[in-house]
Amino acid sequence: MNNLFKGTVIKNQALTEGIYLISLKIPQSIDAKPGQFFMLRLNERLDPFLGRPFSIFDLQGDRISFLYRVRGKGTKILSNLYESEEIQITGPFGKWYPFPKDDYTVIAGGIGLASVFFLMKKFPQRAYLFYGTREKREILFYDELRKITKSIFISTECGSIEYRGIVTDVFKEKGLDLNLPIYACGPIGMIKELRNLLKNKKALSCYVAVEERMACGFGVCLGCVIETNNGFKRVCTEGPVFRIDELKL
Amino acid sequence: MKPKCQVKIGQLILKNPVLTASGTFGYGVEYSSFLDLNLLGGIVTKGISLNPKEGNPPPRIYETPCGMINSIGLQNIGFDVFVKEKLPILKRFDTKIVVNFFGENLDEYIELAGKLDGTEGVHAIEMNVSCPNKKSEWRKMGLKPELLREAIKEVRKVTKKTLIIKLSPQIADTEEMAKICEEEGADAISLINTIPAMVIDIKKRKSIIGNPIGGLSGPAIRAVAVRMVWEAAKAVKIPIIGVGGITNAEDALQFLIAGATAVAIGTANFINPLCSIEVINGIERFLIEEGIEDIYDLIGTIKQ
């Protein structure tokens, strides 16, 4: 059941430069699954006109939070919302990550953590997490992640923490031979690299969450399609979670 | 007392003057989890063609000030799948179903109009006269008076159903084109379609939308639409359906006062799935406040 409701800002804070966590109270408890998303829209405003899609970062009863990077006009205005301000929410939308049956691997690149945190929280102590960012300050929720994962590998491009380099390199070295199902979210370069690494691992399932500009979020505008091996697919409805081998990257 | 909101478009009796615009409401059912489709005056479906169409490669949409540009490329499931899978669901609702349609050339328009004419559950057809095929001479049928005339004449021959012509905002003379629609037997005119538009990525020096142009919609185009509805309504007696940037009842009322018999909610459905219902309620409230008993006492009452 799709839903349209108001959310009230409980907290909207910068975690590091340009990255925010917004927590909202919603009218009733809602059931949504890791990988799904909501559209957030600033009330009564015609500019920015469209809502913005955000993966569920965390959801507990009637409290929902979203992790986001300020990138344009919409997220800039979102970052200026104060406590008790209201926002229009529609959702949850989209396909979720198929539930892991046993141990699993998670690969998060930068703000891609926003999509996989909830998965690791719902299926705790079973994830081998590979989490990479450009700089150390962008590593978020380190303590929580240690608690909810089985094993954690952190990398930064500047090398000021555990591993130096890109997250897929660390995964190649430490994770590829685990042969566990993979859940990934991150920049397109990371997804492409991951697909290359998995070329000879056809039996491994790898699910990635992708993003695209969208107007409605529920399959009507047809604006958010991406190219797959079976033609154009809507990120909002057939996605945002796809099998990596479906995507034409 | 509850004001009378019923309006007539060709043979169609709409319980209220609010439709949903083509391309913004899918095939209707996508919205049934948000609202009661039975409350709508009518649903104008996503445009269909004879054969399925995959549409344009991404990126397909981009936000603009108070609006958006789209270049979906008329992606649709095609006539057969529409009739088999979507129409049976739509038939269950107590609202009027208007099927928007288009072809790659005039023959396709005629063939599809004929098929729709024989399809039970389709109450009216809306002809998109912006032909997508860049090679066909008919791509300009909506802009060239002589082509528009011939196209409507031929389509009119194959259908007895209510025929609505959806005009482009690019027409040079609204009055002339509206009169052609009326003279050739169209039952109604809807306007406006999206306005061709472009956004450029200054670093790449490239259009952001694939095609490289798209159609601008949303409140950004509303004032243009109101003006064109006003021009068309003055020129012809057949009813006008006003479309373009309506987000609330006040917006819709402008169109009615300008001379539209009905309105269609478009892009606003994306940002507020309940918009059409809010407009229906808001129009009724306005009529009560103004002491108007019948919506026809409001339509076209713009003063000089």
# chains A, B, ... in the order shown; residues from 1 in each chain; ligands from 1

$ interface_residues --of "chain B" --to "chain A" --cutoff "7 Å" --atoms "only C-alpha atoms" --output "MDAnalysis selection string"
chainID B and resid 23:26 33:34 58 60:61 65:67 72 270:271

$ closest_atom_pairs --of "stretch 13-47 of chain B" --to "stretch 84-102 of chain B" --cutoff "7 Å" --atoms "only C-alpha atoms" --output "tab-separated table"
residue	atom	partner	partner_atom	distance
B:Leu14	CA	B:Lys96	CA	7.0
B:Ser22	CA	B:Asn100	CA	6.4
B:Tyr27	CA	B:Lys86	CA	6.6
B:Leu37	CA	B:Phe93	CA	6.6
B:Asn38	CA	B:Asp94	CA	5.0
B:Leu40	CA	B:Thr95	CA	6.2
B:Gly41	CA	B:Thr95	CA	6.1
B:Gly42	CA	B:Lys96	CA	4.4
B:Ile43	CA	B:Ile97	CA	5.2
B:Val44	CA	B:Val98	CA	4.6
B:Thr45	CA	B:Val99	CA	5.2
B:Lys46	CA	B:Asn100	CA	6.3
B:Gly47	CA	B:Asn100	CA	4.4

$ closest_residue --among "B:Glu175, B:His123, B:Pro59, B:Asn272" --to "A:Leu42" --atoms "only C-alpha atoms"
B:Asn272

$ residues_around --residues "A:Glu193" --least-positions-apart "4" --cutoff "8 Å" --atoms "only C-alpha atoms" --output "list in words"
Thr168, Gly189 and Leu197 of chain A

$ residues_around --residues "A:Leu198" --least-positions-apart "3" --cutoff "12 Å" --atoms "only C-alpha atoms" --output "number ranges by chain"
A: 168, 171-172, 175-177, 179-182, 191-195, 201-207, 243-245

$ write_last_selection --atoms "C-alpha atoms" --output "PDB file, in the first residue's frame"
ATOM      1  CA  THR A 168      36.491  -2.615  -4.255  1.00  0.00           C
ATOM      2  CA  PHE A 171      36.879  -6.343  -1.191  1.00  0.00           C
ATOM      3  CA  LYS A 172      38.930  -8.052  -3.910  1.00  0.00           C
ATOM      4  CA  GLY A 175      36.022 -10.425   0.489  1.00  0.00           C
ATOM      5  CA  LEU A 176      35.815 -11.964  -2.929  1.00  0.00           C
ATOM      6  CA  ASP A 177      36.737 -15.456  -1.783  1.00  0.00           C
ATOM      7  CA  ASN A 179      31.731 -16.384  -1.722  1.00  0.00           C
ATOM      8  CA  LEU A 180      28.841 -14.814   0.156  1.00  0.00           C
ATOM      9  CA  PRO A 181      25.897 -13.006  -1.412  1.00  0.00           C
ATOM     10  CA  ILE A 182      26.744  -9.360  -1.958  1.00  0.00           C
ATOM     11  CA  ILE A 191      29.458  -0.676  -9.265  1.00  0.00           C
ATOM     12  CA  LYS A 192      31.313  -1.044 -12.567  1.00  0.00           C
ATOM     13  CA  GLU A 193      34.463  -2.182 -10.796  1.00  0.00           C
ATOM     14  CA  LEU A 194      32.465  -4.636  -8.731  1.00  0.00           C
ATOM     15  CA  ARG A 195      30.941  -6.128 -11.842  1.00  0.00           C
ATOM     16  CA  LYS A 201      31.894 -15.582 -10.089  1.00  0.00           C
ATOM     17  CA  LYS A 202      28.666 -16.095 -11.975  1.00  0.00           C
ATOM     18  CA  ALA A 203      27.144 -18.196  -9.209  1.00  0.00           C
ATOM     19  CA  LEU A 204      27.446 -15.384  -6.634  1.00  0.00           C
ATOM     20  CA  SER A 205      24.346 -13.240  -6.191  1.00  0.00           C
ATOM     21  CA  CYS A 206      25.109  -9.562  -6.116  1.00  0.00           C
ATOM     22  CA  TYR A 207      22.388  -6.984  -5.520  1.00  0.00           C
ATOM     23  CA  ARG A 243      20.927  -7.905  -9.705  1.00  0.00           C
ATOM     24  CA  ILE A 244      24.241  -6.528 -10.891  1.00  0.00           C
ATOM     25  CA  ASP A 245      24.277  -8.805 -13.952  1.00  0.00           C
TER      26      ASP A 245
END

$ residues_around --residues "B:Glu183" --least-positions-apart "4" --cutoff "9 Å" --atoms "only C-alpha atoms" --output "JSON, numbers by chain"
{"B": [149, 178, 179]}

$ select_by_dssp --residues "stretch 49-176 of chain B" --states "strand (DSSP E)" --output "list in words"
Ile61, Tyr62, Glu63, Thr64, Gly67, Met68, Ile69, Asn70, Lys96, Ile97, Val98, Val99, Asn100, Phe101, Ala124, Ile125, Glu126, Met127, Asn128, Thr162, Leu163, Ile164, Ile165 and Lys166 of chain B

$ select_by_dssp --residues "stretch 98-139 of chain A" --states "helix (DSSP H, G or I)" --output "PyMOL selection string"
chain A and resi 110-122+136-138

$ residues_around --residues "stretch 157-164 of chain A" --least-positions-apart "2" --cutoff "10 Å" --atoms "only C-alpha atoms" --output "list in words"
Gly132, Thr133, Arg134, Glu135, Lys136, Arg137, Ile139, Phe153, Ile154, Ser155, Ile166, Val167, Asp169 and Val170 of chain A

$ write_last_selection --atoms "C-alpha atoms" --output "mmCIF file, in the first residue's frame"
data_model
loop_
_atom_site.group_PDB
_atom_site.id
_atom_site.type_symbol
_atom_site.label_atom_id
_atom_site.label_comp_id
_atom_site.auth_asym_id
_atom_site.auth_seq_id
_atom_site.Cartn_x
_atom_site.Cartn_y
_atom_site.Cartn_z
ATOM 1 C CA GLY A 132 35.034 3.034 1.770
ATOM 2 C CA THR A 133 35.039 6.796 1.550
ATOM 3 C CA ARG A 134 37.356 9.445 0.201
ATOM 4 C CA GLU A 135 38.395 10.805 3.568
ATOM 5 C CA LYS A 136 38.376 9.646 7.163
ATOM 6 C CA ARG A 137 35.858 12.257 8.261
ATOM 7 C CA ILE A 139 33.364 7.366 7.740
ATOM 8 C CA PHE A 153 36.844 -3.441 6.628
ATOM 9 C CA ILE A 154 37.166 0.303 6.346
ATOM 10 C CA SER A 155 39.087 2.037 3.621
ATOM 11 C CA ILE A 166 39.113 2.166 -3.079
ATOM 12 C CA VAL A 167 36.635 -0.108 -1.396
ATOM 13 C CA ASP A 169 40.254 -3.220 -3.940
ATOM 14 C CA VAL A 170 39.846 -4.172 -0.303
#

$ residues_around --residues "A:Ala184" --least-positions-apart "5" --cutoff "7 Å" --atoms "only C-alpha atoms" --output "list in words"
Val106, Ile107, Ala108, Tyr207, Val208 and Ala209 of chain A

$ write_last_selection --atoms "C-alpha atoms" --output "PDB file, in the first residue's frame"
ATOM      1  CA  VAL A 106      27.990  -5.576   2.114  1.00  0.00           C
ATOM      2  CA  ILE A 107      29.905  -3.068   0.032  1.00  0.00           C
ATOM      3  CA  ALA A 108      29.179   0.582   0.727  1.00  0.00           C
ATOM      4  CA  TYR A 207      22.388  -6.984  -5.520  1.00  0.00           C
ATOM      5  CA  VAL A 208      23.003  -3.290  -6.038  1.00  0.00           C
ATOM      6  CA  ALA A 209      20.831  -0.296  -5.280  1.00  0.00           C
TER       7      ALA A 209
END

$ closest_residue --among "A:Asn200, A:Asn230, A:Gln13, A:Ser23" --to "A:Ile87" --atoms "only C-alpha atoms"
A:Ser23

$ closest_residue --among "B:Glu150, B:Leu50, B:Gly244, B:Asp117" --to "B:Ser168" --atoms "only C-alpha atoms"
B:Gly244
